[in-house]
>>> print(open('query.txt').read())   # compact mmCIF, C-alpha atoms
# COMPACT_ATOMS: atom_id res chain seq x y z
CA MET A 170 15.00 29.66 7.36
CA LYS A 171 17.29 27.42 5.34
CA THR A 172 16.37 23.75 5.41
CA ASP A 173 18.49 20.80 4.34
CA ARG A 174 16.28 18.81 1.98
CA THR A 175 18.22 15.57 2.14
CA ALA A 176 16.75 12.09 2.31
CA PRO A 177 15.17 11.36 5.71
CA ARG A 178 16.87 9.08 8.21
CA ARG A 179 15.07 5.96 9.31
CA LEU A 180 14.95 5.82 13.09
CA ASP A 181 13.72 3.43 15.73
CA ASP A 182 10.58 4.77 17.37
CA PRO A 183 10.02 3.30 20.82
CA ALA A 184 7.18 5.73 21.45
CA CYS A 185 3.51 4.80 20.98
CA GLY A 186 4.40 1.11 21.08
CA HIS A 187 5.92 1.01 17.60
CA GLY A 188 9.19 -0.16 16.14
CA VAL A 189 10.63 1.12 12.85
CA ALA A 190 8.33 2.05 10.01
CA GLY A 191 8.72 -1.37 8.43
CA ASP A 192 6.79 -2.86 11.35
CA ALA A 193 3.70 -0.78 10.69
CA VAL A 194 0.53 -2.71 9.92
CA VAL A 195 -0.48 -2.64 6.26
CA PRO A 196 -4.23 -2.04 5.74
CA ALA A 197 -6.13 -5.12 4.62
CA GLY A 198 -6.89 -5.42 0.94
CA SER A 199 -4.18 -3.05 -0.26
CA GLY A 200 -2.11 -5.77 -1.94
CA THR A 201 -2.33 -7.48 -5.32
CA GLY A 202 -4.76 -10.30 -4.45
CA THR A 203 -8.17 -11.05 -5.88
CA ARG A 204 -9.81 -8.15 -4.10
CA ALA A 205 -7.34 -5.73 -5.68
CA LEU A 206 -8.04 -7.27 -9.10
CA VAL A 207 -11.77 -6.79 -8.57
CA ALA A 208 -11.14 -3.16 -7.61
CA ARG A 209 -9.05 -2.64 -10.75
CA VAL A 210 -11.88 -3.89 -12.98
CA LEU A 211 -14.23 -1.43 -11.28
CA MET A 212 -11.75 1.36 -11.89
CA GLU A 213 -11.16 0.51 -15.54
CA GLN A 214 -14.70 -0.50 -16.59
CA GLY A 215 -17.09 0.69 -13.88
CA PRO A 216 -19.91 0.95 -13.33
CA VAL A 217 -20.23 -2.76 -14.10
CA THR A 218 -22.21 -5.72 -12.83
CA ALA A 219 -20.80 -8.57 -10.80
CA ALA A 220 -21.29 -10.83 -13.85
CA VAL A 221 -19.02 -8.62 -15.95
CA VAL A 222 -16.31 -8.65 -13.25
CA ALA A 223 -16.61 -12.41 -12.91
CA ALA A 224 -16.24 -12.91 -16.65
CA GLU A 225 -13.26 -10.56 -16.83
CA LEU A 226 -11.41 -12.37 -14.02
CA GLU A 227 -12.71 -15.87 -14.85
CA LEU A 228 -14.21 -16.25 -11.38
CA THR A 229 -17.64 -17.26 -10.12
CA GLU A 230 -20.16 -14.51 -9.44
CA ALA A 231 -20.44 -15.69 -5.84
CA ALA A 232 -16.70 -15.19 -5.28
CA VAL A 233 -16.79 -11.77 -6.92
CA ARG A 234 -19.76 -10.67 -4.82
CA ARG A 235 -17.90 -11.51 -1.62
CA HIS A 236 -15.09 -9.16 -2.63
CA LEU A 237 -17.55 -6.50 -3.79
CA ASP A 238 -19.35 -6.66 -0.44
CA ALA A 239 -16.01 -6.27 1.38
CA LEU A 240 -15.13 -3.24 -0.74
CA ILE A 241 -18.50 -1.68 0.04
CA VAL A 242 -18.11 -2.28 3.79
CA ASP A 243 -14.72 -0.52 3.70
CA GLY A 244 -16.17 2.39 1.73
CA GLU A 245 -14.06 1.64 -1.34
CA ALA A 246 -16.96 0.77 -3.66
CA GLU A 247 -20.64 1.50 -4.02
CA ALA A 248 -23.57 -0.19 -5.75
CA ARG A 249 -26.30 1.55 -7.65
CA ALA A 250 -29.23 0.80 -9.89
CA PRO A 251 -28.30 0.49 -13.57
CA ALA A 252 -28.74 3.47 -15.82
CA ARG A 253 -31.92 3.60 -17.91
CA SER A 254 -31.56 2.06 -21.33
CA ALA A 255 -33.65 2.36 -24.49
CA ARG A 256 -33.22 -1.35 -25.10
CA PRO A 257 -35.89 -3.64 -23.60
CA ARG A 258 -34.77 -5.63 -20.57
CA GLY A 259 -35.45 -9.24 -19.83
CA ARG A 260 -37.72 -10.38 -17.07
CA GLY A 261 -36.52 -10.19 -13.47
CA ARG A 262 -34.82 -7.67 -11.28
CA PRO A 263 -32.08 -5.68 -13.06
CA ALA A 264 -28.55 -6.42 -11.84
CA ARG A 265 -26.87 -3.77 -9.72
CA GLU A 266 -23.79 -2.00 -11.00
CA TYR A 267 -20.64 -1.38 -8.98
CA LEU A 268 -18.05 1.38 -9.11
CA LEU A 269 -15.18 2.63 -6.99
CA THR A 270 -15.52 5.53 -4.58
CA ASP A 271 -12.84 8.20 -4.10
CA THR A 272 -11.55 6.16 -1.18
CA GLY A 273 -11.22 3.10 -3.39
CA ARG A 274 -9.29 5.00 -6.03
CA VAL A 275 -6.62 5.92 -3.48
CA ARG A 276 -5.28 2.34 -3.59
CA PHE A 277 -4.15 2.99 -7.17
CA GLY A 278 -2.29 6.16 -6.27
CA HIS A 279 -2.68 9.74 -7.43
CA GLY A 280 -0.54 12.75 -8.27
CA TYR A 281 -1.60 15.00 -5.38
CA ASP A 282 1.64 14.48 -3.45
CA ASP A 283 3.77 15.20 -6.51
CA LEU A 284 1.72 18.29 -7.31
CA ALA A 285 2.01 19.62 -3.75
CA THR A 286 5.76 18.99 -3.69
CA GLN A 287 6.27 20.74 -7.00
CA ALA A 288 4.20 23.71 -5.82
CA LEU A 289 6.27 24.07 -2.63
CA ARG A 290 9.51 23.77 -4.60
CA PHE A 291 8.33 26.56 -6.87
CA LEU A 292 7.33 28.65 -3.85
CA ALA A 293 10.75 28.13 -2.24
CA GLU A 294 12.60 29.03 -5.46
CA THR A 295 10.55 32.11 -6.30
CA ALA A 296 9.61 33.51 -2.88
CA GLY A 297 12.21 31.97 -0.56
CA GLU A 298 12.18 29.63 2.39
CA GLU A 299 10.30 32.18 4.49
CA ALA A 300 7.30 31.79 2.18
CA VAL A 301 7.33 28.01 2.67
CA ASP A 302 7.42 28.50 6.44
CA ALA A 303 4.54 31.00 6.26
CA PHE A 304 2.51 28.54 4.21
CA ALA A 305 3.19 25.78 6.74
CA ARG A 306 1.90 27.98 9.60
CA HIS A 307 -1.17 28.94 7.57
CA ARG A 308 -1.89 25.29 6.82
CA VAL A 309 -1.95 24.37 10.52
CA ARG A 310 -4.39 27.21 11.27
CA GLU A 311 -6.64 26.04 8.46
CA LEU A 312 -6.34 22.43 9.64
CA LEU A 313 -7.62 23.16 13.15
CA GLY A 314 -10.06 25.84 12.03
CA SER A 315 -13.08 26.40 14.22
CA ASP A 316 -11.99 23.72 16.69
CA LEU A 317 -9.25 25.89 18.21
CA ASP A 318 -11.54 26.90 21.09
CA ALA A 319 -12.39 23.27 21.83
CA VAL A 320 -8.69 22.55 22.36
CA THR A 321 -7.85 25.58 24.47
CA ALA A 322 -11.02 25.58 26.61
CA PRO A 323 -10.01 22.90 29.20
CA ALA A 324 -7.88 24.19 32.08
CA ASP A 325 -6.15 20.87 32.61
CA PRO A 326 -3.23 20.33 30.16
CA ALA A 327 -4.00 16.61 29.89
CA GLU A 328 -7.58 17.42 28.85
CA ARG A 329 -6.28 19.83 26.21
CA VAL A 330 -4.14 17.06 24.73
CA GLU A 331 -7.17 14.76 24.63
CA ALA A 332 -9.20 17.47 22.88
CA LEU A 333 -6.42 18.02 20.34
CA ALA A 334 -6.26 14.27 19.64
CA ARG A 335 -10.01 14.23 18.95
CA VAL A 336 -9.71 17.14 16.53
CA LEU A 337 -6.79 15.56 14.70
CA SER A 338 -8.61 12.23 14.42
CA ALA A 339 -11.58 14.03 12.88
CA ARG A 340 -9.14 15.42 10.30
CA GLY A 341 -7.88 11.97 9.36
CA TYR A 342 -4.73 11.76 11.50
CA ALA A 343 -5.83 8.73 13.59
CA ALA A 344 -4.57 10.39 16.77
CA GLN A 345 -4.57 9.05 20.32
CA THR A 346 -2.86 9.84 23.61
CA ARG A 347 -0.64 7.68 25.79
CA ARG A 348 0.71 8.47 29.26
CA GLY A 349 4.49 8.30 29.48
CA GLY A 350 7.05 9.60 31.97
CA PHE A 351 6.10 12.97 33.42
CA GLY A 352 3.74 13.81 30.60
CA VAL A 353 1.58 12.43 27.83
CA GLN A 354 2.41 11.41 24.27
CA LEU A 355 0.26 12.55 21.37
CA CYS A 356 0.45 9.81 18.72
CA GLN A 357 -0.65 10.43 15.14
CA HIS A 358 -0.79 7.10 13.31
CA HIS A 359 -1.51 8.63 9.91
CA CYS A 360 -0.26 11.73 8.11
CA PRO A 361 -1.97 12.74 4.85
CA VAL A 362 1.02 14.91 3.87
CA ALA A 363 3.84 12.58 4.93
CA HIS A 364 5.40 12.31 1.47
CA VAL A 365 5.46 16.08 1.05
CA ALA A 366 6.79 16.62 4.58
CA THR A 367 9.70 14.31 3.77
CA GLU A 368 11.14 17.05 1.57
CA PHE A 369 9.57 19.98 3.41
CA PRO A 370 9.94 19.39 7.17
CA GLU A 371 8.62 22.92 7.70
CA LEU A 372 5.17 21.30 7.70
CA CYS A 373 6.10 19.20 10.74
CA GLU A 374 7.90 22.09 12.46
CA ALA A 375 4.92 24.42 12.07
CA GLU A 376 2.61 21.72 13.41
CA THR A 377 4.82 21.22 16.47
CA ARG A 378 4.90 24.97 17.21
CA ALA A 379 1.12 25.14 16.85
CA PHE A 380 0.70 22.28 19.33
CA ALA A 381 2.89 24.13 21.84
CA ASP A 382 0.84 27.32 21.45
CA LEU A 383 -2.49 25.52 21.80
CA LEU A 384 -1.44 23.44 24.80
CA GLY A 385 0.34 26.30 26.54
CA THR A 386 3.54 24.36 27.18
CA HIS A 387 6.75 23.29 25.53
CA VAL A 388 6.36 20.11 23.47
CA GLN A 389 8.97 17.81 21.93
CA ARG A 390 8.52 15.94 18.66
CA LEU A 391 10.01 12.48 19.19
CA ALA A 392 9.23 10.85 15.84
CA THR A 393 7.56 11.57 12.51
CA ILE A 394 6.17 9.42 9.73
CA ALA A 395 7.96 11.69 7.26
CA ARG A 396 11.32 10.59 8.74
CA GLY A 397 10.44 6.93 8.44
CA ASP A 398 8.90 6.27 11.85
CA ALA A 399 5.66 4.36 12.35
CA ALA A 400 3.84 7.33 13.92
CA CYS A 401 4.23 11.03 14.57
CA THR A 402 4.87 11.20 18.32
CA THR A 403 4.85 14.41 20.36
CA HIS A 404 5.73 14.47 24.07
CA VAL A 405 3.69 16.94 26.09
CA PRO A 406 4.88 17.56 29.68
CA LEU A 407 2.07 17.87 32.18
CA GLU A 408 4.01 20.52 34.15
CA ASP A 409 4.21 24.02 32.67
CA PRO A 410 7.95 24.86 32.39
CA GLU A 411 7.28 28.61 32.19
CA LEU A 412 5.18 28.50 35.35
CA LEU A 413 7.86 26.55 37.19
CA ALA A 414 10.49 29.05 36.01
CA ARG A 415 8.42 31.96 37.32
CA VAL A 416 8.04 30.23 40.69
CA ARG A 417 11.80 29.70 40.90
CA ASP A 418 12.45 33.33 39.94
CA ARG A 419 10.06 34.59 42.61
CA GLY A 420 11.74 32.36 45.18
CA ALA A 421 15.19 33.66 44.23
CA ALA A 422 13.98 37.27 44.38
CA GLY A 423 12.51 36.71 47.85
CA THR A 424 15.80 35.26 49.10
CA ALA A 425 17.71 38.25 47.72
CA GLN A 426 15.53 40.65 49.72
CA LEU A 427 16.21 39.00 53.08
CA PRO A 428 18.42 41.03 55.50
CA PRO A 429 22.04 39.90 55.84
CA PRO A 430 22.77 37.49 58.71
CA ARG A 431 23.94 39.09 61.97
CA SER A 432 26.86 37.96 64.07
CA PRO A 433 26.54 37.25 67.80
CA LYS A 434 26.02 40.19 70.10
CA GLY A 435 24.06 42.05 67.37
CA ARG A 436 27.11 42.93 65.22
CA GLN A 437 26.92 42.80 61.47
CA SER A 438 28.94 39.96 59.95
CA LEU A 439 31.67 40.94 57.56
>>> encode(input="query.txt", output="structure tokens")
Amino acid sequence: MKTDRTAPRRLDDPACGHGVAGDAVVPAGSGTGTRALVARVLMEQGPVTAAVVAAELELTEAAVRRHLDALIVDGEAEARAPARSARPRGRGRPAREYLLTDTGRVRFGHGYDDLATQALRFLAETAGEEAVDAFARHRVRELLGSDLDAVTAPADPAERVEALARVLSARGYAAQTRRGGFGVQLCQHHCPVAHVATEFPELCEAETRAFADLLGTHVQRLATIARGDAACTTHVPLEDPELLARVRDRGAAGTAQLPPPRSPKGRQSL
């Protein structure tokens, strides 16, 4: 399947209560304020004490500790007892040392997206677009894993969508459902592979097909983060189109089998 890998269009996304991507809420503490400066010291020098951070930034220890506590609450930093030292310590309780967690390091970026994009480019060039599509399908299967049965078990389509949202949220997609029109919208407010999917929309296409298979109905992708929208939004009709089509077909077949109308006095009409 040949895919046009041009720059994504930025679209308005009325679904899930969002506007364009520029209206999305930026997580607290991700800017360049004092908290970010504290996090940078932890990254460059950690593990370090609050006194070291305060001296580096020319702040009071009390101010630094407030930011350190906030980083710990958000899971971006952790505190631990200082490492053992051969040098004698002074009297009193040894100061705790602070360092960033993997979550905290994300604020400074990483090369995972670039690496994944380069790998998919190489796969497309050496094995063709079909290989990229096969990888995308495999990724969705691995993503859902052992939770496939939990999604397909409910008989009610709306319950299946709810189950799928729970599974996706557990995988880091911050998913929720919202009733709309004659169906329900599955809203994914985060996409860990959005930057890669910008160049390789096969990832989104495979995900959409997998949703249709799991839910047992046709679904329509209304918006994606990879295209510049604030959320990935998928419309899931509550009626099963295939079932409705079969009912219509049976009705048409029954009409075709009826005897032709008869004219008055029992004569066949022409």
>>> residues_around(input="query.txt", residues="Val233 in chain A", least_positions_apart="3", cutoff="12 Å", atoms="only C-alpha atoms", output="ChimeraX atom specification")
/A:203-208,210-211,218-230,236-240,267
>>> closest_residue(input="query.txt", among="A:Ala231, A:Leu383, A:Val365, A:Leu292", to="Leu317 in chain A", atoms="all atoms listed in the file")
A:Leu383
>>> closest_residue(input="query.txt", among="A:Leu384, A:Ala344, A:Ala339, A:Ala400", to="Ala324 in chain A", atoms="only C-alpha atoms")
A:Leu384
>>> atom_distance(input="query.txt", atom1="CA of Gly350 in chain A", atom2="CA of Cys401 in chain A")
17.7 Å
>>> closest_residue(input="query.txt", among="A:Cys373, A:Ala381, A:Val330, A:Val336", to="Gln354 in chain A", atoms="all atoms listed in the file")
A:Val330
>>> closest_residue(input="query.txt", among="A:Ala303, A:Ala395, A:Val309, A:Leu268", to="Phe369 in chain A", atoms="only C-alpha atoms")
A:Ala395
>>> atom_distance(input="query.txt", atom1="CA of Gln357 in chain A", atom2="CA of Ala375 in chain A")
15.4 Å
>>> closest_residue(input="query.txt", among="A:Ala379, A:Ala264, A:Ile241, A:Val388", to="Val217 in chain A", atoms="all atoms listed in the file")
A:Ala264
